[in-house]
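Raw entry.txt, compact mmCIF, C-alpha atoms:
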# COMPACT_ATOMS: atom_id res chain seq x y z
CA THR A 1 41.36 28.81 -55.35
CA GLN A 2 42.61 30.95 -58.18
CA THR A 3 40.08 32.39 -60.59
CA VAL A 4 40.50 34.57 -63.63
CA SER A 5 37.71 36.61 -65.15
CA GLN A 6 37.68 38.20 -68.57
CA SER A 7 34.49 40.21 -68.77
CA ASP A 8 34.47 40.86 -72.52
CA ALA A 9 33.91 37.84 -74.71
CA HIS A 10 34.31 39.80 -77.93
CA VAL A 11 35.79 43.18 -78.83
CA THR A 12 35.66 44.77 -82.27
CA VAL A 13 38.00 47.64 -83.15
CA PHE A 14 39.22 49.39 -86.27
CA GLU A 15 42.80 49.17 -87.41
CA GLY A 16 44.77 51.95 -85.76
CA ASP A 17 42.45 52.16 -82.77
CA SER A 18 43.58 51.45 -79.24
CA VAL A 19 42.24 48.46 -77.36
CA GLU A 20 42.00 47.45 -73.73
CA LEU A 21 41.27 43.89 -72.67
CA ARG A 22 40.12 43.45 -69.11
CA CYS A 23 41.29 40.77 -66.70
CA ASN A 24 40.41 40.39 -63.04
CA TYR A 25 41.68 37.69 -60.77
CA SER A 26 41.15 36.40 -57.28
CA TYR A 27 43.90 34.78 -55.27
CA GLY A 28 45.32 35.52 -51.88
CA GLY A 29 48.94 34.55 -52.27
CA SER A 30 51.87 35.37 -54.53
CA ILE A 31 51.04 34.85 -58.15
CA TYR A 32 52.26 35.36 -61.64
CA LEU A 33 49.91 37.05 -64.09
CA SER A 34 50.35 36.64 -67.80
CA TRP A 35 48.71 37.19 -71.15
CA TYR A 36 48.69 34.86 -74.12
CA ILE A 37 47.44 35.23 -77.68
CA GLN A 38 45.93 32.50 -79.80
CA HIS A 39 45.49 33.00 -83.52
CA HIS A 40 42.83 30.89 -85.19
CA GLY A 41 43.84 27.23 -85.36
CA ARG A 42 47.16 27.79 -83.61
CA GLY A 43 48.68 27.22 -80.22
CA LEU A 44 49.04 29.93 -77.63
CA GLN A 45 51.88 32.44 -77.69
CA PHE A 46 53.20 34.24 -74.65
CA LEU A 47 52.81 38.03 -74.63
CA LEU A 48 53.97 39.20 -71.21
CA LYS A 49 54.00 38.45 -67.50
CA TYR A 50 54.04 40.20 -64.14
CA TYR A 51 55.19 39.04 -60.74
CA SER A 52 56.49 42.06 -58.89
CA GLY A 53 58.06 45.48 -59.37
CA ASN A 54 56.92 48.01 -61.94
CA PRO A 55 53.17 47.41 -62.35
CA VAL A 56 53.36 48.26 -66.05
CA VAL A 57 54.96 45.52 -68.10
CA GLN A 58 55.86 45.73 -71.76
CA GLY A 59 55.31 42.77 -74.03
CA VAL A 60 55.87 41.89 -77.64
CA ASN A 61 54.34 43.72 -80.59
CA GLY A 62 53.48 46.87 -78.64
CA PHE A 63 51.34 45.22 -76.00
CA LYS A 64 51.56 46.26 -72.39
CA ALA A 65 49.65 45.40 -69.27
CA GLU A 66 49.13 47.10 -65.95
CA PHE A 67 48.80 45.34 -62.63
CA SER A 68 46.56 46.80 -59.94
CA LYS A 69 46.49 45.12 -56.56
CA SER A 70 43.63 47.28 -55.31
CA ASP A 71 41.45 46.33 -58.27
CA SER A 72 42.79 42.77 -58.59
CA SER A 73 43.27 43.50 -62.25
CA PHE A 74 45.80 42.98 -64.99
CA HIS A 75 44.43 44.72 -68.07
CA LEU A 76 46.12 44.45 -71.45
CA ARG A 77 46.43 47.43 -73.76
CA LYS A 78 47.70 48.29 -77.20
CA ALA A 79 47.82 51.83 -78.54
CA SER A 80 47.32 51.07 -82.23
CA VAL A 81 46.07 47.70 -83.38
CA HIS A 82 46.91 45.99 -86.65
CA TRP A 83 44.75 43.51 -88.53
CA SER A 84 47.16 40.76 -87.49
CA ASP A 85 46.17 41.39 -83.87
CA SER A 86 42.86 39.67 -84.56
CA ALA A 87 42.97 36.67 -82.24
CA VAL A 88 41.78 35.34 -78.91
CA TYR A 89 43.55 36.75 -75.88
CA PHE A 90 43.83 34.81 -72.66
CA CYS A 91 44.70 36.11 -69.25
CA ALA A 92 46.28 33.56 -66.91
CA VAL A 93 47.30 33.25 -63.28
CA SER A 94 49.71 30.82 -61.71
CA ALA A 95 50.62 30.45 -58.07
CA TYR A 96 54.28 31.00 -57.21
CA GLN A 97 54.34 28.44 -54.48
CA GLY A 98 54.39 24.87 -55.67
CA GLY A 99 54.81 25.70 -59.31
CA ARG A 100 51.18 25.28 -60.22
CA ALA A 101 50.24 25.46 -63.85
CA LEU A 102 48.48 28.25 -65.66
CA ILE A 103 44.83 28.87 -64.90
CA PHE A 104 43.26 30.64 -67.85
CA GLY A 105 40.34 32.99 -68.23
CA THR A 106 37.68 32.32 -70.84
CA GLY A 107 39.37 34.52 -73.41
CA THR A 108 38.49 37.68 -75.31
CA THR A 109 38.17 37.52 -79.07
CA VAL A 110 39.50 40.65 -80.75
CA SER A 111 38.35 41.41 -84.27
CA VAL A 112 40.22 44.17 -86.08
CA SER A 113 38.38 45.73 -89.00
CA PRO A 114 40.23 47.56 -91.80
CA ASP B 1 61.76 25.04 -87.27
CA PRO B 2 58.96 24.07 -84.91
CA LYS B 3 60.11 24.03 -81.31
CA ILE B 4 57.27 21.88 -80.01
CA ILE B 5 55.95 19.11 -82.19
CA GLN B 6 52.59 17.50 -81.62
CA LYS B 7 51.42 14.50 -83.60
CA PRO B 8 49.01 13.95 -85.13
CA LYS B 9 47.46 17.30 -85.95
CA TYR B 10 44.01 15.75 -86.34
CA LEU B 11 42.75 12.50 -84.87
CA VAL B 12 39.39 10.78 -85.22
CA ALA B 13 38.57 7.90 -82.91
CA VAL B 14 35.58 5.73 -82.08
CA THR B 15 34.03 5.55 -78.65
CA GLY B 16 35.79 3.03 -76.44
CA SER B 17 39.06 3.03 -78.33
CA GLU B 18 42.48 4.13 -77.13
CA LYS B 19 44.78 6.77 -78.61
CA ILE B 20 48.18 8.25 -77.86
CA LEU B 21 48.96 11.91 -78.46
CA ILE B 22 52.62 12.66 -79.08
CA CYS B 23 54.55 15.71 -77.87
CA GLU B 24 58.23 16.52 -78.32
CA GLN B 25 59.92 19.77 -77.39
CA TYR B 26 63.27 21.01 -78.65
CA LEU B 27 63.67 24.00 -76.36
CA GLY B 28 65.76 22.25 -73.72
CA HIS B 29 63.04 22.83 -71.15
CA ASN B 30 62.73 20.85 -67.95
CA ALA B 31 58.97 21.16 -67.45
CA MET B 32 56.19 19.98 -69.73
CA TYR B 33 52.43 20.23 -69.53
CA TRP B 34 49.19 19.09 -71.11
CA TYR B 35 46.17 21.35 -71.53
CA ARG B 36 42.78 20.72 -73.08
CA GLN B 37 40.57 23.19 -74.94
CA SER B 38 37.01 22.42 -75.95
CA ALA B 39 33.96 24.37 -77.01
CA LYS B 40 32.35 23.70 -73.63
CA LYS B 41 35.23 24.66 -71.38
CA PRO B 42 38.04 27.19 -71.45
CA LEU B 43 41.66 26.13 -71.55
CA GLU B 44 42.01 23.54 -68.87
CA PHE B 45 45.23 22.39 -67.21
CA MET B 46 45.64 18.61 -67.09
CA PHE B 47 49.17 17.57 -66.05
CA SER B 48 52.60 18.96 -65.35
CA TYR B 49 55.92 17.12 -65.44
CA SER B 50 59.28 18.28 -64.19
CA TYR B 51 62.45 16.36 -65.04
CA GLN B 52 60.25 13.51 -66.24
CA LYS B 53 58.33 13.23 -63.00
CA LEU B 54 54.61 13.86 -62.62
CA MET B 55 54.15 16.93 -60.43
CA ASP B 56 50.55 18.03 -60.82
CA ASN B 57 47.48 16.13 -61.95
CA GLN B 58 44.22 18.03 -62.32
CA THR B 59 42.49 15.37 -64.38
CA ALA B 60 39.93 13.42 -62.43
CA SER B 61 39.82 10.49 -64.79
CA SER B 62 42.48 7.77 -64.79
CA ARG B 63 41.70 7.23 -68.46
CA PHE B 64 44.21 9.99 -69.14
CA GLN B 65 47.78 8.84 -68.57
CA PRO B 66 50.83 10.95 -69.44
CA GLN B 67 53.98 9.11 -70.41
CA SER B 68 57.50 10.52 -70.49
CA SER B 69 60.03 8.22 -72.15
CA LYS B 70 62.62 10.98 -72.60
CA LYS B 71 63.19 14.34 -70.99
CA ASN B 72 61.83 16.19 -74.01
CA HIS B 73 58.87 13.86 -74.61
CA LEU B 74 55.50 13.90 -72.92
CA ASP B 75 52.87 11.77 -74.58
CA LEU B 76 49.26 11.48 -73.49
CA GLN B 77 47.51 8.13 -73.58
CA ILE B 78 43.73 8.23 -73.49
CA THR B 79 41.82 4.99 -73.00
CA ALA B 80 38.11 4.12 -73.27
CA LEU B 81 37.50 7.26 -75.31
CA LYS B 82 34.19 9.09 -74.94
CA PRO B 83 32.60 11.75 -77.17
CA ASP B 84 33.13 14.25 -74.33
CA ASP B 85 36.88 13.78 -74.75
CA SER B 86 36.61 15.60 -78.08
CA ALA B 87 38.83 18.65 -77.76
CA THR B 88 42.09 20.14 -78.85
CA TYR B 89 44.93 18.96 -76.65
CA PHE B 90 47.90 21.29 -76.26
CA CYS B 91 51.31 20.35 -75.05
CA ALA B 92 53.42 23.10 -73.50
CA SER B 93 56.83 23.48 -71.90
CA SER B 94 58.77 25.92 -69.77
CA GLN B 95 62.32 26.18 -68.55
CA GLU B 96 61.30 25.19 -65.05
CA ARG B 97 58.04 24.10 -63.48
CA GLY B 98 55.94 27.07 -62.49
CA ASP B 99 57.36 29.51 -65.04
CA ALA B 100 54.65 31.86 -66.22
CA GLU B 101 56.16 31.90 -69.71
CA GLN B 102 55.19 28.68 -71.35
CA PHE B 103 55.61 27.64 -74.96
CA PHE B 104 52.71 25.85 -76.58
CA GLY B 105 52.59 23.34 -79.38
CA PRO B 106 50.12 23.61 -82.26
CA GLY B 107 47.72 21.12 -80.67
CA THR B 108 46.11 17.81 -81.58
CA ARG B 109 42.45 18.07 -82.44
CA LEU B 110 40.72 14.91 -81.25
CA THR B 111 37.22 13.97 -82.37
CA VAL B 112 35.54 10.98 -80.74
CA LEU B 113 32.59 9.56 -82.65

File written out as structure tokens:
Amino acid sequence: TQTVSQSDAHVTVFEGDSVELRCNYSYGGSIYLSWYIQHHGRGLQFLLKYYSGNPVVQGVNGFKAEFSKSDSSFHLRKASVHWSDSAVYFCAVSAYQGGRALIFGTGTTVSVSP
Amino acid sequence: DPKIIQKPKYLVAVTGSEKILICEQYLGHNAMYWYRQSAKKPLEFMFSYSYQKLMDNQTASSRFQPQSSKKNHLDLQITALKPDDSATYFCASSQERGDAEQFFGPGTRLTVL
């Protein structure tokens, strides 16, 4: 069984600050890890994904995430947030074998203050 | 231009009725999905289709029936509606089944009274 845990339900930062959103997963096989963003009242938008290779992956709008097998983590980071980054961020895992769909964490709401 | 269209945007239904949620994607993708998001549960996978064939079904209730009349269509029929079915239903697609990069529609917000 795949599980995804996002320990922070809500994070508040000031514009220009850095932010780190935590994601831990549990699964024994080969998986894809990804991050999505959901602005209020909208559908989800893909940010980035990891399957293998360089554990640091770059996404859109300055986001990047780092995979750690030892910690079973895939944390998302941004060096300098903008007010438009206020949204809910979802970490997701999907199993490579069988093409299973995305299993999402509970989400972290990021509020960026001016 | 919207790449994934979901209709309607808002839907109000009475308990026991039946509704169909429409989804069309114009990305040329071969896989389509339905997800559900409610206040009580996080984003929850429901179905996946690949080349118009049902591949995965994580919905316990047979009241939820996906329907694919065309390759780029995946509608969701819900019968005998219950208040617990109130949620936002998202359609998504990807180039192939299992791709981690999926494209989501804007959602249909269903309220069952």

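What chain A places within 8 Å of chain B, counting only C-alpha atoms, is Tyr32, Leu33, Ser34, Gly41, Arg42, Gly43, Leu44, Gln45, Phe46, Leu48, Lys49, Ser94, Ala95, Tyr96, Gly98, Gly99, Arg100, Ala101, Leu102, Ile103, Phe104, Gly105, Thr106 and Gly107 of chain A.
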
Same residues, C-alpha atoms, saved as a PDB file, in the frame of the given file:
ATOM      1  CA  TYR A  32      52.260  35.360 -61.640  1.00  0.00           C
ATOM      2  CA  LEU A  33      49.910  37.050 -64.090  1.00  0.00           C
ATOM      3  CA  SER A  34      50.350  36.640 -67.800  1.00  0.00           C
ATOM      4  CA  GLY A  41      43.840  27.230 -85.360  1.00  0.00           C
ATOM      5  CA  ARG A  42      47.160  27.790 -83.610  1.00  0.00           C
ATOM      6  CA  GLY A  43      48.680  27.220 -80.220  1.00  0.00           C
ATOM      7  CA  LEU A  44      49.040  29.930 -77.630  1.00  0.00           C
ATOM      8  CA  GLN A  45      51.880  32.440 -77.690  1.00  0.00           C
ATOM      9  CA  PHE A  46      53.200  34.240 -74.650  1.00  0.00           C
ATOM     10  CA  LEU A  48      53.970  39.200 -71.210  1.00  0.00           C
ATOM     11  CA  LYS A  49      54.000  38.450 -67.500  1.00  0.00           C
ATOM     12  CA  SER A  94      49.710  30.820 -61.710  1.00  0.00           C
ATOM     13  CA  ALA A  95      50.620  30.450 -58.070  1.00  0.00           C
ATOM     14  CA  TYR A  96      54.280  31.000 -57.210  1.00  0.00           C
ATOM     15  CA  GLY A  98      54.390  24.870 -55.670  1.00  0.00           C
ATOM     16  CA  GLY A  99      54.810  25.700 -59.310  1.00  0.00           C
ATOM     17  CA  ARG A 100      51.180  25.280 -60.220  1.00  0.00           C
ATOM     18  CA  ALA A 101      50.240  25.460 -63.850  1.00  0.00           C
ATOM     19  CA  LEU A 102      48.480  28.250 -65.660  1.00  0.00           C
ATOM     20  CA  ILE A 103      44.830  28.870 -64.900  1.00  0.00           C
ATOM     21  CA  PHE A 104      43.260  30.640 -67.850  1.00  0.00           C
ATOM     22  CA  GLY A 105      40.340  32.990 -68.230  1.00  0.00           C
ATOM     23  CA  THR A 106      37.680  32.320 -70.840  1.00  0.00           C
ATOM     24  CA  GLY A 107      39.370  34.520 -73.410  1.00  0.00           C
TER      25      GLY A 107
END

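From atom CA of Ser94 of chain B back to atom CA of Phe64 of chain B, the distance works out to 21.6 Å.
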
- Task: Can you pull out every residue within 8 Å of Ile78 of chain B, counting all atoms listed in the file, but drop anything in the same chain fewer than 2 positions away, and send it as a VMD selection string?
- Result: chain B and resid 18 to 20 63 to 65 76 80 to 81

- Pairwise distance for atom CA of Lys7 of chain B and atom CA of Leu21 of chain B, rounded to one decimal in Å: 6.3 Å

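One distance worth recording is that between atom CA of Lys3 of chain B and atom CA of Glu24 of chain B, which is 8.3 Å.
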
- Task: Select, counting all atoms listed in the file, all protein, DNA and RNA residues no farther than 7 Å from (50.2, 49.2, -80.6) in file coordinates, and express the selection as a count of residues only.
- Result: 7

- Task: Please provide the set of residues having any atom within 10 Å of Lys71 of chain B, restricted to all atoms listed in the file, with same-chain residues fewer than 3 positions apart removed, written as a VMD selection string.
- Result: chain B and resid 24 to 25 28 to 32 49 to 53 68 74

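With only C-alpha atoms as the atoms that count, the residue of A:Ser18, A:Ser52, A:Gln58, A:Ser68 with the shortest distance to Asp85 of chain A is A:Ser18.
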
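Candidate residues B:Pro2, B:Ala39, B:Tyr26, B:Pro8 were compared for distance to His73 of chain B, and the nearest is B:Tyr26, using only C-alpha atoms.
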